[in-house]
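Each remark here refers to the structure printed beneath this line.
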Amino acid sequence: KSMIWISETARAVRDSSGNILYYEGIVSDITERKLAQKALKFQQNQTEALLLNILPQPIAIRLQKGENPIADHFEDVSVIFADLVGFTEFAANRPPKKLLELLNKIFSRFDKLAQQHNLEKIKTIGDAYMVVGGLPVPCANAIFEVAQMALDMQGELAQLNQHTGQTFELRIGIHIGPAIAGVIGMSKFIYDLWGDTVNTASRMESSGLPGKIQVTEAVYERLKDRFEFEQRGLISVKGKGEMLTYWLVGKRG
């Protein structure tokens, strides 16, 4: 059995005195049109779901309306770069499928943390992970969530190490400042971030140490009343010269 759709139009035919003589009308089979509309609606829903999976909702809506490129300036964004130390050596003699399964477990846990802290995952780059607070909707408290997420990431990886018997560590860097965020190009859209703040956060990661969260002085000044720090001191940072940096140790109390 199959359902069909019909469309009916009818009118009354009257004589000169207004009395109804008979009715006439047309019955049309519109099943094909209805099925096509249903398929189009399904496709639209699938496309929307896919966009929302790879882009923040406000950005997906703007993209659907035809806005391109999308570029917004933010005065205050907090950027985390995290690198999985030891994974490259671990990957040397392992089957690709096993590597991806493990990396997926790790990054899926980080994705859940990003959702819990209302932060925006930007991308993974090999075995590195980038997440940002304060966009696409500005939020004054984003830096606190970013700091807590960095600590939570360490805790999640430690738990996973216990289950898998591995000894992976995270090298994390955090910086805060202005940046440009948006979507550029014509295909394979990604919501990305550009500017000196991003570069500095990346340098905080690359010049850090395994198992440590290195932050800039700007981050320290914002967080020092609510989090514990150890001063690392002046270090030479590529492209930046000497910078005073700190280790984020934990939350106060």
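Order determines the names: the first chain of the structure tokens is A, the second B, and so forth; residues in each chain are numbered 1 upward, and ligands are numbered 1 upward as they are shown.
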Quick one: which region 197-229 of chain A residues come within 12 Å of region 117-136 of chain A, and what is the nearest atom pair for each with the distance in Å to one decimal, counting only C-alpha atoms, rows ordered by chain and ascending number, as CSV?
```
residue,atom,partner,partner_atom,distance
A:Thr197,CA,A:Val132,CA,11.1
A:Val198,CA,A:Val132,CA,9.6
A:Asn199,CA,A:Met130,CA,11.9
A:Ala201,CA,A:Met130,CA,9.8
A:Ser202,CA,A:Met130,CA,9.2
A:Glu205,CA,A:Ala128,CA,9.9
A:Ser206,CA,A:Ala128,CA,10.7
```
Export of the given selection (N, CA, C and O atoms) as an mmCIF file, in the first residue's frame:
```cif
data_model
loop_
_atom_site.group_PDB
_atom_site.id
_atom_site.type_symbol
_atom_site.label_atom_id
_atom_site.label_comp_id
_atom_site.auth_asym_id
_atom_site.auth_seq_id
_atom_site.Cartn_x
_atom_site.Cartn_y
_atom_site.Cartn_z
ATOM 1 N N THR A 197 46.729 37.763 18.985
ATOM 2 C CA THR A 197 46.304 37.016 20.170
ATOM 3 C C THR A 197 46.401 35.512 19.921
ATOM 4 O O THR A 197 46.853 34.745 20.782
ATOM 5 N N VAL A 198 45.972 35.095 18.733
ATOM 6 C CA VAL A 198 46.039 33.679 18.364
ATOM 7 C C VAL A 198 47.491 33.220 18.292
ATOM 8 O O VAL A 198 47.858 32.157 18.822
ATOM 9 N N ASN A 199 48.327 34.011 17.638
ATOM 10 C CA ASN A 199 49.740 33.658 17.499
ATOM 11 C C ASN A 199 50.428 33.557 18.858
ATOM 12 O O ASN A 199 51.226 32.644 19.098
ATOM 13 N N ALA A 201 49.002 32.902 21.817
ATOM 14 C CA ALA A 201 48.518 31.707 22.516
ATOM 15 C C ALA A 201 49.238 30.472 21.993
ATOM 16 O O ALA A 201 49.617 29.575 22.763
ATOM 17 N N SER A 202 49.446 30.414 20.692
ATOM 18 C CA SER A 202 50.172 29.293 20.088
ATOM 19 C C SER A 202 51.613 29.243 20.601
ATOM 20 O O SER A 202 52.145 28.168 20.889
ATOM 21 N N GLU A 205 51.857 27.785 24.037
ATOM 22 C CA GLU A 205 51.840 26.313 24.014
ATOM 23 C C GLU A 205 53.203 25.759 23.599
ATOM 24 O O GLU A 205 53.779 24.911 24.277
ATOM 25 N N SER A 206 53.725 26.243 22.482
ATOM 26 C CA SER A 206 54.944 25.652 21.927
ATOM 27 C C SER A 206 56.173 25.890 22.796
ATOM 28 O O SER A 206 57.110 25.093 22.788
#
```
Skipping near chain neighbours, those fewer than 2 positions away, what residues fall within 8 Å of Ala10 (chain A) using only C-alpha atoms, listed as a list in words?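 That gives Glu8, Ala12, Tyr23, Glu24, Gly25 and Ile26 of chain A.
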Going by DSSP on the backbone, which bits of region 7-232 of chain A are alpha helix (DSSP H)? Write them as a PyMOL selection string, please. chain A and resi 31-54+57-64+87-91+96-116+142-164+196-206+217-223
Margin query: For Gly250 (chain A), find every residue with an atom within 9 Å (counting only C-alpha atoms), except residues of its own chain fewer than 4 positions away, and show them as number ranges by chain.
Written below: A: 147-148, 151, 227-229
Now that the selection is made, can you save its residues with all heavy atoms as a PDB file, in the first residue's frame?
```pdb
ATOM      1  N   ALA A 147      40.191  29.043  31.655  1.00  0.00           N
ATOM      2  CA  ALA A 147      41.175  28.560  32.628  1.00  0.00           C
ATOM      3  C   ALA A 147      40.722  27.240  33.249  1.00  0.00           C
ATOM      4  O   ALA A 147      41.514  26.300  33.393  1.00  0.00           O
ATOM      5  CB  ALA A 147      41.390  29.613  33.712  1.00  0.00           C
ATOM      6  N   GLN A 148      39.446  27.164  33.615  1.00  0.00           N
ATOM      7  CA  GLN A 148      38.938  25.937  34.225  1.00  0.00           C
ATOM      8  C   GLN A 148      38.953  24.792  33.222  1.00  0.00           C
ATOM      9  O   GLN A 148      39.253  23.650  33.582  1.00  0.00           O
ATOM     10  CB  GLN A 148      37.523  26.159  34.751  1.00  0.00           C
ATOM     11  CG  GLN A 148      37.004  25.013  35.608  1.00  0.00           C
ATOM     12  CD  GLN A 148      37.888  24.735  36.809  1.00  0.00           C
ATOM     13  OE1 GLN A 148      38.140  25.619  37.642  1.00  0.00           O
ATOM     14  NE2 GLN A 148      38.388  23.505  36.921  1.00  0.00           N
ATOM     15  N   LEU A 151      42.400  23.240  33.010  1.00  0.00           N
ATOM     16  CA  LEU A 151      42.650  22.347  34.151  1.00  0.00           C
ATOM     17  C   LEU A 151      41.863  21.042  34.001  1.00  0.00           C
ATOM     18  O   LEU A 151      42.383  19.959  34.282  1.00  0.00           O
ATOM     19  CB  LEU A 151      42.249  23.057  35.448  1.00  0.00           C
ATOM     20  CG  LEU A 151      43.097  24.276  35.834  1.00  0.00           C
ATOM     21  CD1 LEU A 151      42.417  25.071  36.950  1.00  0.00           C
ATOM     22  CD2 LEU A 151      44.499  23.852  36.268  1.00  0.00           C
ATOM     23  N   PHE A 227      42.508  32.096  40.739  1.00  0.00           N
ATOM     24  CA  PHE A 227      43.296  30.905  40.419  1.00  0.00           C
ATOM     25  C   PHE A 227      44.704  31.029  40.986  1.00  0.00           C
ATOM     26  O   PHE A 227      45.196  32.127  41.235  1.00  0.00           O
ATOM     27  CB  PHE A 227      43.371  30.704  38.894  1.00  0.00           C
ATOM     28  CG  PHE A 227      42.073  30.278  38.271  1.00  0.00           C
ATOM     29  CD1 PHE A 227      41.108  31.220  37.939  1.00  0.00           C
ATOM     30  CD2 PHE A 227      41.809  28.935  38.021  1.00  0.00           C
ATOM     31  CE1 PHE A 227      39.906  30.827  37.363  1.00  0.00           C
ATOM     32  CE2 PHE A 227      40.614  28.537  37.448  1.00  0.00           C
ATOM     33  CZ  PHE A 227      39.656  29.484  37.120  1.00  0.00           C
ATOM     34  N   GLU A 228      45.339  29.883  41.183  1.00  0.00           N
ATOM     35  CA  GLU A 228      46.704  29.836  41.703  1.00  0.00           C
ATOM     36  C   GLU A 228      47.705  29.790  40.541  1.00  0.00           C
ATOM     37  O   GLU A 228      47.490  29.073  39.559  1.00  0.00           O
ATOM     38  CB  GLU A 228      46.905  28.583  42.573  1.00  0.00           C
ATOM     39  CG  GLU A 228      46.032  28.538  43.821  1.00  0.00           C
ATOM     40  CD  GLU A 228      46.538  29.461  44.919  1.00  0.00           C
ATOM     41  OE1 GLU A 228      47.655  30.017  44.764  1.00  0.00           O
ATOM     42  OE2 GLU A 228      45.822  29.629  45.916  1.00  0.00           O
ATOM     43  N   PHE A 229      48.798  30.546  40.691  1.00  0.00           N
ATOM     44  CA  PHE A 229      49.826  30.596  39.653  1.00  0.00           C
ATOM     45  C   PHE A 229      51.220  30.465  40.264  1.00  0.00           C
ATOM     46  O   PHE A 229      51.431  30.739  41.447  1.00  0.00           O
ATOM     47  CB  PHE A 229      49.774  31.934  38.899  1.00  0.00           C
ATOM     48  CG  PHE A 229      48.562  32.111  38.040  1.00  0.00           C
ATOM     49  CD1 PHE A 229      47.402  32.678  38.559  1.00  0.00           C
ATOM     50  CD2 PHE A 229      48.561  31.724  36.709  1.00  0.00           C
ATOM     51  CE1 PHE A 229      46.278  32.846  37.777  1.00  0.00           C
ATOM     52  CE2 PHE A 229      47.439  31.893  35.918  1.00  0.00           C
ATOM     53  CZ  PHE A 229      46.294  32.459  36.449  1.00  0.00           C
TER      54      PHE A 229
END
```
What are the closest atom pairs, with distances in Å to one decimal, for all residues of region 84-106 of chain A lying within 10 Å of region 154-157 of chain A? Consider only C-alpha atoms, order rows by chain and residue number, and present the result as a tab-separated table.
```
residue	atom	partner	partner_atom	distance
A:Leu84	CA	A:Leu157	CA	9.5
A:Lys105	CA	A:Leu157	CA	9.9
A:Ile106	CA	A:Leu157	CA	7.0
```
Those residues you just picked out, can you put them in a file as a JSON list (two decimals), in the first residue's frame with C-alpha atoms?
```json
[["chain", "number", "residue", "atom", "x", "y", "z"],
["A", 84, "LEU", "CA", 49.24, 16.07, 23.02],
["A", 105, "LYS", "CA", 38.33, 9.30, 22.58],
["A", 106, "ILE", "CA", 40.59, 12.08, 23.82]]
```
Computed gap from CA of Lys251 (chain A) to CA of Asp225 (chain A) is 9.4 Å
Need the shell around Phe144 (chain A): protein/DNA/RNA residues with any atom at most 9 Å away, counting only C-alpha atoms. Skip same-chain ones fewer than 2 positions apart. Format as a PDB file with N, CA and C atoms, in the first residue's frame?
```pdb
ATOM      1  N   ALA A 140      32.118  38.397  29.178  1.00  0.00           N
ATOM      2  CA  ALA A 140      33.159  38.915  30.060  1.00  0.00           C
ATOM      3  C   ALA A 140      33.793  37.824  30.923  1.00  0.00           C
ATOM      4  N   ASN A 141      33.032  36.764  31.221  1.00  0.00           N
ATOM      5  CA  ASN A 141      33.530  35.709  32.109  1.00  0.00           C
ATOM      6  C   ASN A 141      34.183  34.547  31.369  1.00  0.00           C
ATOM      7  N   ALA A 142      34.354  34.677  30.069  1.00  0.00           N
ATOM      8  CA  ALA A 142      34.883  33.568  29.275  1.00  0.00           C
ATOM      9  C   ALA A 142      36.273  33.142  29.724  1.00  0.00           C
ATOM     10  N   VAL A 146      37.705  29.389  30.373  1.00  0.00           N
ATOM     11  CA  VAL A 146      38.867  28.895  29.625  1.00  0.00           C
ATOM     12  C   VAL A 146      39.912  28.319  30.576  1.00  0.00           C
ATOM     13  N   ALA A 147      40.191  29.043  31.655  1.00  0.00           N
ATOM     14  CA  ALA A 147      41.175  28.560  32.628  1.00  0.00           C
ATOM     15  C   ALA A 147      40.722  27.240  33.249  1.00  0.00           C
ATOM     16  N   GLN A 148      39.446  27.164  33.615  1.00  0.00           N
ATOM     17  CA  GLN A 148      38.938  25.937  34.225  1.00  0.00           C
ATOM     18  C   GLN A 148      38.953  24.792  33.222  1.00  0.00           C
ATOM     19  N   MET A 149      38.652  25.085  31.963  1.00  0.00           N
ATOM     20  CA  MET A 149      38.683  24.019  30.966  1.00  0.00           C
ATOM     21  C   MET A 149      40.090  23.467  30.805  1.00  0.00           C
ATOM     22  N   ARG A 222      44.119  38.858  34.883  1.00  0.00           N
ATOM     23  CA  ARG A 222      42.668  38.640  34.918  1.00  0.00           C
ATOM     24  C   ARG A 222      42.270  37.571  35.936  1.00  0.00           C
ATOM     25  N   LEU A 223      43.142  36.595  36.142  1.00  0.00           N
ATOM     26  CA  LEU A 223      42.760  35.397  36.899  1.00  0.00           C
ATOM     27  C   LEU A 223      43.368  35.288  38.293  1.00  0.00           C
ATOM     28  N   ARG A 226      41.349  34.450  41.444  1.00  0.00           N
ATOM     29  CA  ARG A 226      40.515  33.250  41.506  1.00  0.00           C
ATOM     30  C   ARG A 226      41.270  31.949  41.230  1.00  0.00           C
ATOM     31  N   PHE A 227      42.508  32.096  40.739  1.00  0.00           N
ATOM     32  CA  PHE A 227      43.296  30.905  40.419  1.00  0.00           C
ATOM     33  C   PHE A 227      44.704  31.029  40.986  1.00  0.00           C
TER      34      PHE A 227
END
```
Correct to one decimal, the distance CA of Leu244 (chain A)-CA of Ala114 (chain A) is 27.7 Å
Determine, counting only C-alpha atoms, which protein, DNA and RNA residues have an atom within 12 Å of an atom of Ile70 (chain A); residues of the same chain fewer than 4 positions away are not included. Present the result as a PDB file with all heavy atoms, in the first residue's frame.
```pdb
ATOM      1  N   LEU A  55      29.643  24.865  12.567  1.00  0.00           N
ATOM      2  CA  LEU A  55      29.697  26.308  12.773  1.00  0.00           C
ATOM      3  C   LEU A  55      28.822  26.710  13.963  1.00  0.00           C
ATOM      4  O   LEU A  55      27.815  26.061  14.229  1.00  0.00           O
ATOM      5  CB  LEU A  55      29.190  27.054  11.533  1.00  0.00           C
ATOM      6  CG  LEU A  55      29.948  26.863  10.216  1.00  0.00           C
ATOM      7  CD1 LEU A  55      29.164  27.501   9.081  1.00  0.00           C
ATOM      8  CD2 LEU A  55      31.343  27.449  10.299  1.00  0.00           C
ATOM      9  N   PRO A  58      24.828  31.300  15.362  1.00  0.00           N
ATOM     10  CA  PRO A  58      24.667  32.628  14.743  1.00  0.00           C
ATOM     11  C   PRO A  58      25.408  32.743  13.408  1.00  0.00           C
ATOM     12  O   PRO A  58      24.934  33.423  12.491  1.00  0.00           O
ATOM     13  CB  PRO A  58      25.264  33.578  15.791  1.00  0.00           C
ATOM     14  CG  PRO A  58      25.225  32.824  17.076  1.00  0.00           C
ATOM     15  CD  PRO A  58      25.435  31.395  16.704  1.00  0.00           C
ATOM     16  N   ILE A  59      26.541  32.066  13.302  1.00  0.00           N
ATOM     17  CA  ILE A  59      27.330  32.127  12.063  1.00  0.00           C
ATOM     18  C   ILE A  59      26.651  31.303  10.975  1.00  0.00           C
ATOM     19  O   ILE A  59      26.586  31.717   9.809  1.00  0.00           O
ATOM     20  CB  ILE A  59      28.756  31.605  12.314  1.00  0.00           C
ATOM     21  CG1 ILE A  59      29.432  32.427  13.428  1.00  0.00           C
ATOM     22  CG2 ILE A  59      29.581  31.660  11.038  1.00  0.00           C
ATOM     23  CD1 ILE A  59      29.530  33.906  13.154  1.00  0.00           C
ATOM     24  N   ALA A  60      26.115  30.134  11.347  1.00  0.00           N
ATOM     25  CA  ALA A  60      25.419  29.288  10.375  1.00  0.00           C
ATOM     26  C   ALA A  60      24.217  30.017   9.782  1.00  0.00           C
ATOM     27  O   ALA A  60      23.967  29.947   8.570  1.00  0.00           O
ATOM     28  CB  ALA A  60      24.981  27.982  11.039  1.00  0.00           C
ATOM     29  N   ILE A  61      23.478  30.734  10.630  1.00  0.00           N
ATOM     30  CA  ILE A  61      22.306  31.478  10.162  1.00  0.00           C
ATOM     31  C   ILE A  61      22.721  32.568   9.175  1.00  0.00           C
ATOM     32  O   ILE A  61      22.098  32.742   8.114  1.00  0.00           O
ATOM     33  CB  ILE A  61      21.546  32.092  11.357  1.00  0.00           C
ATOM     34  CG1 ILE A  61      20.911  30.984  12.203  1.00  0.00           C
ATOM     35  CG2 ILE A  61      20.486  33.087  10.882  1.00  0.00           C
ATOM     36  CD1 ILE A  61      20.316  31.458  13.507  1.00  0.00           C
ATOM     37  N   ARG A  62      23.801  33.277   9.494  1.00  0.00           N
ATOM     38  CA  ARG A  62      24.272  34.343   8.598  1.00  0.00           C
ATOM     39  C   ARG A  62      24.747  33.774   7.266  1.00  0.00           C
ATOM     40  O   ARG A  62      24.513  34.353   6.207  1.00  0.00           O
ATOM     41  CB  ARG A  62      25.394  35.125   9.287  1.00  0.00           C
ATOM     42  CG  ARG A  62      24.899  36.005  10.423  1.00  0.00           C
ATOM     43  CD  ARG A  62      26.037  36.490  11.308  1.00  0.00           C
ATOM     44  NE  ARG A  62      26.956  37.351  10.594  1.00  0.00           N
ATOM     45  CZ  ARG A  62      28.065  37.844  11.157  1.00  0.00           C
ATOM     46  NH1 ARG A  62      28.371  37.543  12.418  1.00  0.00           N
ATOM     47  NH2 ARG A  62      28.862  38.625  10.462  1.00  0.00           N
ATOM     48  N   LEU A  63      25.392  32.612   7.326  1.00  0.00           N
ATOM     49  CA  LEU A  63      25.875  31.972   6.103  1.00  0.00           C
ATOM     50  C   LEU A  63      24.710  31.516   5.230  1.00  0.00           C
ATOM     51  O   LEU A  63      24.729  31.666   4.004  1.00  0.00           O
ATOM     52  CB  LEU A  63      26.762  30.786   6.463  1.00  0.00           C
ATOM     53  CG  LEU A  63      27.689  30.260   5.367  1.00  0.00           C
ATOM     54  CD1 LEU A  63      28.700  31.319   4.952  1.00  0.00           C
ATOM     55  CD2 LEU A  63      28.428  29.015   5.839  1.00  0.00           C
ATOM     56  N   GLN A  64      23.655  30.977   5.866  1.00  0.00           N
ATOM     57  CA  GLN A  64      22.471  30.533   5.126  1.00  0.00           C
ATOM     58  C   GLN A  64      21.761  31.702   4.447  1.00  0.00           C
ATOM     59  O   GLN A  64      21.125  31.533   3.402  1.00  0.00           O
ATOM     60  CB  GLN A  64      21.502  29.813   6.068  1.00  0.00           C
ATOM     61  CG  GLN A  64      21.950  28.398   6.447  1.00  0.00           C
ATOM     62  CD  GLN A  64      20.984  27.752   7.424  1.00  0.00           C
ATOM     63  OE1 GLN A  64      20.646  28.316   8.457  1.00  0.00           O
ATOM     64  NE2 GLN A  64      20.551  26.543   7.101  1.00  0.00           N
ATOM     65  N   LYS A  65      21.873  32.886   5.039  1.00  0.00           N
ATOM     66  CA  LYS A  65      21.244  34.073   4.459  1.00  0.00           C
ATOM     67  C   LYS A  65      22.067  34.658   3.321  1.00  0.00           C
ATOM     68  O   LYS A  65      21.673  35.660   2.715  1.00  0.00           O
ATOM     69  CB  LYS A  65      21.020  35.130   5.547  1.00  0.00           C
ATOM     70  CG  LYS A  65      19.925  34.760   6.537  1.00  0.00           C
ATOM     71  CD  LYS A  65      19.741  35.841   7.590  1.00  0.00           C
ATOM     72  CE  LYS A  65      18.613  35.491   8.552  1.00  0.00           C
ATOM     73  NZ  LYS A  65      18.450  36.515   9.625  1.00  0.00           N
ATOM     74  N   GLY A  66      23.252  34.050   3.070  1.00  0.00           N
ATOM     75  CA  GLY A  66      24.057  34.477   1.933  1.00  0.00           C
ATOM     76  C   GLY A  66      25.213  35.398   2.266  1.00  0.00           C
ATOM     77  O   GLY A  66      25.928  35.851   1.362  1.00  0.00           O
ATOM     78  N   PRO A 136      31.076  33.302  19.425  1.00  0.00           N
ATOM     79  CA  PRO A 136      30.718  34.464  18.601  1.00  0.00           C
ATOM     80  C   PRO A 136      29.896  35.514  19.339  1.00  0.00           C
ATOM     81  O   PRO A 136      29.621  36.568  18.795  1.00  0.00           O
ATOM     82  CB  PRO A 136      29.890  33.837  17.470  1.00  0.00           C
ATOM     83  CG  PRO A 136      29.259  32.642  18.085  1.00  0.00           C
ATOM     84  CD  PRO A 136      30.281  32.109  19.049  1.00  0.00           C
ATOM     85  N   ILE A 180      40.200  38.683  15.122  1.00  0.00           N
ATOM     86  CA  ILE A 180      39.189  38.640  14.070  1.00  0.00           C
ATOM     87  C   ILE A 180      38.728  37.192  13.938  1.00  0.00           C
ATOM     88  O   ILE A 180      39.553  36.275  13.898  1.00  0.00           O
ATOM     89  CB  ILE A 180      39.751  39.116  12.721  1.00  0.00           C
ATOM     90  CG1 ILE A 180      40.255  40.554  12.816  1.00  0.00           C
ATOM     91  CG2 ILE A 180      38.694  38.987  11.626  1.00  0.00           C
ATOM     92  CD1 ILE A 180      39.176  41.586  13.019  1.00  0.00           C
ATOM     93  N   ALA A 181      37.417  36.986  13.893  1.00  0.00           N
ATOM     94  CA  ALA A 181      36.884  35.628  13.732  1.00  0.00           C
ATOM     95  C   ALA A 181      35.860  35.632  12.615  1.00  0.00           C
ATOM     96  O   ALA A 181      35.162  36.628  12.395  1.00  0.00           O
ATOM     97  CB  ALA A 181      36.235  35.148  15.027  1.00  0.00           C
ATOM     98  N   GLY A 182      35.784  34.529  11.892  1.00  0.00           N
ATOM     99  CA  GLY A 182      34.792  34.455  10.837  1.00  0.00           C
ATOM    100  C   GLY A 182      34.968  33.268   9.933  1.00  0.00           C
ATOM    101  O   GLY A 182      35.675  32.306  10.259  1.00  0.00           O
ATOM    102  N   VAL A 183      34.285  33.336   8.794  1.00  0.00           N
ATOM    103  CA  VAL A 183      34.303  32.266   7.792  1.00  0.00           C
ATOM    104  C   VAL A 183      34.717  32.886   6.471  1.00  0.00           C
ATOM    105  O   VAL A 183      34.120  33.870   6.030  1.00  0.00           O
ATOM    106  CB  VAL A 183      32.912  31.612   7.643  1.00  0.00           C
ATOM    107  CG1 VAL A 183      32.944  30.513   6.587  1.00  0.00           C
ATOM    108  CG2 VAL A 183      32.435  31.055   8.974  1.00  0.00           C
ATOM    109  N   ILE A 184      35.752  32.335   5.842  1.00  0.00           N
ATOM    110  CA  ILE A 184      36.194  32.843   4.552  1.00  0.00           C
ATOM    111  C   ILE A 184      36.272  31.695   3.558  1.00  0.00           C
ATOM    112  O   ILE A 184      36.274  30.525   3.937  1.00  0.00           O
ATOM    113  CB  ILE A 184      37.566  33.555   4.653  1.00  0.00           C
ATOM    114  CG1 ILE A 184      38.654  32.594   5.156  1.00  0.00           C
ATOM    115  CG2 ILE A 184      37.474  34.772   5.548  1.00  0.00           C
ATOM    116  CD1 ILE A 184      40.044  33.207   5.134  1.00  0.00           C
ATOM    117  N   GLY A 185      36.347  32.051   2.270  1.00  0.00           N
ATOM    118  CA  GLY A 185      36.444  31.024   1.243  1.00  0.00           C
ATOM    119  C   GLY A 185      35.088  30.626   0.696  1.00  0.00           C
ATOM    120  O   GLY A 185      34.047  31.143   1.096  1.00  0.00           O
ATOM    121  N   MET A 186      35.110  29.658  -0.220  1.00  0.00           N
ATOM    122  CA  MET A 186      33.903  29.245  -0.929  1.00  0.00           C
ATOM    123  C   MET A 186      33.460  27.825  -0.609  1.00  0.00           C
ATOM    124  O   MET A 186      32.362  27.414  -0.961  1.00  0.00           O
ATOM    125  CB  MET A 186      34.139  29.355  -2.450  1.00  0.00           C
ATOM    126  CG  MET A 186      34.424  30.771  -2.929  1.00  0.00           C
ATOM    127  SD  MET A 186      33.025  31.885  -2.706  1.00  0.00           S
ATOM    128  CE  MET A 186      31.851  31.188  -3.854  1.00  0.00           C
ATOM    129  N   PHE A 189      33.718  25.063   4.739  1.00  0.00           N
ATOM    130  CA  PHE A 189      33.693  26.171   5.689  1.00  0.00           C
ATOM    131  C   PHE A 189      34.214  25.765   7.064  1.00  0.00           C
ATOM    132  O   PHE A 189      33.949  24.670   7.547  1.00  0.00           O
ATOM    133  CB  PHE A 189      32.259  26.700   5.846  1.00  0.00           C
ATOM    134  CG  PHE A 189      31.686  27.271   4.583  1.00  0.00           C
ATOM    135  CD1 PHE A 189      30.529  26.748   4.039  1.00  0.00           C
ATOM    136  CD2 PHE A 189      32.301  28.326   3.941  1.00  0.00           C
ATOM    137  CE1 PHE A 189      29.988  27.260   2.876  1.00  0.00           C
ATOM    138  CE2 PHE A 189      31.771  28.854   2.773  1.00  0.00           C
ATOM    139  CZ  PHE A 189      30.613  28.315   2.235  1.00  0.00           C
ATOM    140  N   ILE A 190      34.938  26.680   7.677  1.00  0.00           N
ATOM    141  CA  ILE A 190      35.368  26.516   9.060  1.00  0.00           C
ATOM    142  C   ILE A 190      35.338  27.888   9.722  1.00  0.00           C
ATOM    143  O   ILE A 190      35.710  28.891   9.102  1.00  0.00           O
ATOM    144  CB  ILE A 190      36.784  25.890   9.153  1.00  0.00           C
ATOM    145  CG1 ILE A 190      37.189  25.741  10.632  1.00  0.00           C
ATOM    146  CG2 ILE A 190      37.805  26.712   8.407  1.00  0.00           C
ATOM    147  CD1 ILE A 190      38.506  25.013  10.835  1.00  0.00           C
ATOM    148  N   TYR A 191      34.848  27.927  10.957  1.00  0.00           N
ATOM    149  CA  TYR A 191      34.872  29.161  11.736  1.00  0.00           C
ATOM    150  C   TYR A 191      36.259  29.260  12.355  1.00  0.00           C
ATOM    151  O   TYR A 191      36.667  28.405  13.136  1.00  0.00           O
ATOM    152  CB  TYR A 191      33.804  29.103  12.823  1.00  0.00           C
ATOM    153  CG  TYR A 191      33.626  30.390  13.595  1.00  0.00           C
ATOM    154  CD1 TYR A 191      33.198  31.554  12.974  1.00  0.00           C
ATOM    155  CD2 TYR A 191      33.871  30.436  14.963  1.00  0.00           C
ATOM    156  CE1 TYR A 191      33.014  32.722  13.678  1.00  0.00           C
ATOM    157  CE2 TYR A 191      33.679  31.603  15.691  1.00  0.00           C
ATOM    158  CZ  TYR A 191      33.256  32.748  15.039  1.00  0.00           C
ATOM    159  OH  TYR A 191      33.082  33.904  15.748  1.00  0.00           O
ATOM    160  N   ASP A 192      37.009  30.282  11.969  1.00  0.00           N
ATOM    161  CA  ASP A 192      38.416  30.362  12.377  1.00  0.00           C
ATOM    162  C   ASP A 192      38.717  31.716  13.001  1.00  0.00           C
ATOM    163  O   ASP A 192      37.871  32.608  13.031  1.00  0.00           O
ATOM    164  CB  ASP A 192      39.328  30.098  11.176  1.00  0.00           C
ATOM    165  CG  ASP A 192      40.634  29.426  11.570  1.00  0.00           C
ATOM    166  OD1 ASP A 192      40.979  29.432  12.772  1.00  0.00           O
ATOM    167  OD2 ASP A 192      41.320  28.899  10.676  1.00  0.00           O
ATOM    168  N   LEU A 193      39.947  31.861  13.455  1.00  0.00           N
ATOM    169  CA  LEU A 193      40.373  33.002  14.253  1.00  0.00           C
ATOM    170  C   LEU A 193      41.734  33.475  13.758  1.00  0.00           C
ATOM    171  O   LEU A 193      42.605  32.659  13.438  1.00  0.00           O
ATOM    172  CB  LEU A 193      40.479  32.557  15.717  1.00  0.00           C
ATOM    173  CG  LEU A 193      40.264  33.558  16.830  1.00  0.00           C
ATOM    174  CD1 LEU A 193      38.857  34.106  16.788  1.00  0.00           C
ATOM    175  CD2 LEU A 193      40.515  32.894  18.182  1.00  0.00           C
TER     176      LEU A 193
END
```
Atom pair CA of Glu217 (chain A) / CA of Met243 (chain A): separation (Å):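 We find that CA of Glu217 (chain A) and CA of Met243 (chain A) lie 8.1 Å from each other.
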Residue contacts of Gly173 (chain A) (9 Å, only C-alpha atoms) excluding same-chain residues fewer than 6 positions away, as a ChimeraX atom specification | /A:79-83,150,200-208,212-216
Could you list, as a short mmCIF file (atom, residue, chain, number, x, y, z; two decimals) with N, CA and C atoms, in the first residue's frame, every residue within 8 Å of region 161-169 of chain A, counting only C-alpha atoms and ignoring same-chain residues fewer than 5 positions away?
```cif
data_model
loop_
_atom_site.label_atom_id
_atom_site.label_comp_id
_atom_site.auth_asym_id
_atom_site.auth_seq_id
_atom_site.Cartn_x
_atom_site.Cartn_y
_atom_site.Cartn_z
N LEU A 84 49.15 17.37 22.37
CA LEU A 84 49.24 16.07 23.02
C LEU A 84 50.68 15.58 22.95
N VAL A 85 51.42 15.76 24.02
CA VAL A 85 52.84 15.40 24.05
C VAL A 85 52.99 13.88 24.11
N GLY A 86 53.84 13.35 23.25
CA GLY A 86 54.11 11.91 23.25
C GLY A 86 53.32 11.15 22.22
N PHE A 87 52.34 11.82 21.59
CA PHE A 87 51.48 11.09 20.65
C PHE A 87 52.22 10.76 19.35
N GLN A 154 43.45 18.55 31.59
CA GLN A 154 44.52 17.77 32.22
C GLN A 154 43.94 16.61 33.02
N PRO A 210 55.65 19.94 29.02
CA PRO A 210 54.63 18.89 29.15
C PRO A 210 54.00 18.89 30.54
N GLY A 211 52.68 18.77 30.59
CA GLY A 211 51.97 18.73 31.86
C GLY A 211 51.73 20.10 32.47
#
```
message = With DSSP run on the backbone, what are the strand (DSSP E or B) residues within region 19-251 of chain A? I'd like them as number ranges by chain.
response = A: 20-29, 70-85, 120-125, 128-133, 169-183, 192-194, 213-216, 227-237, 241-251
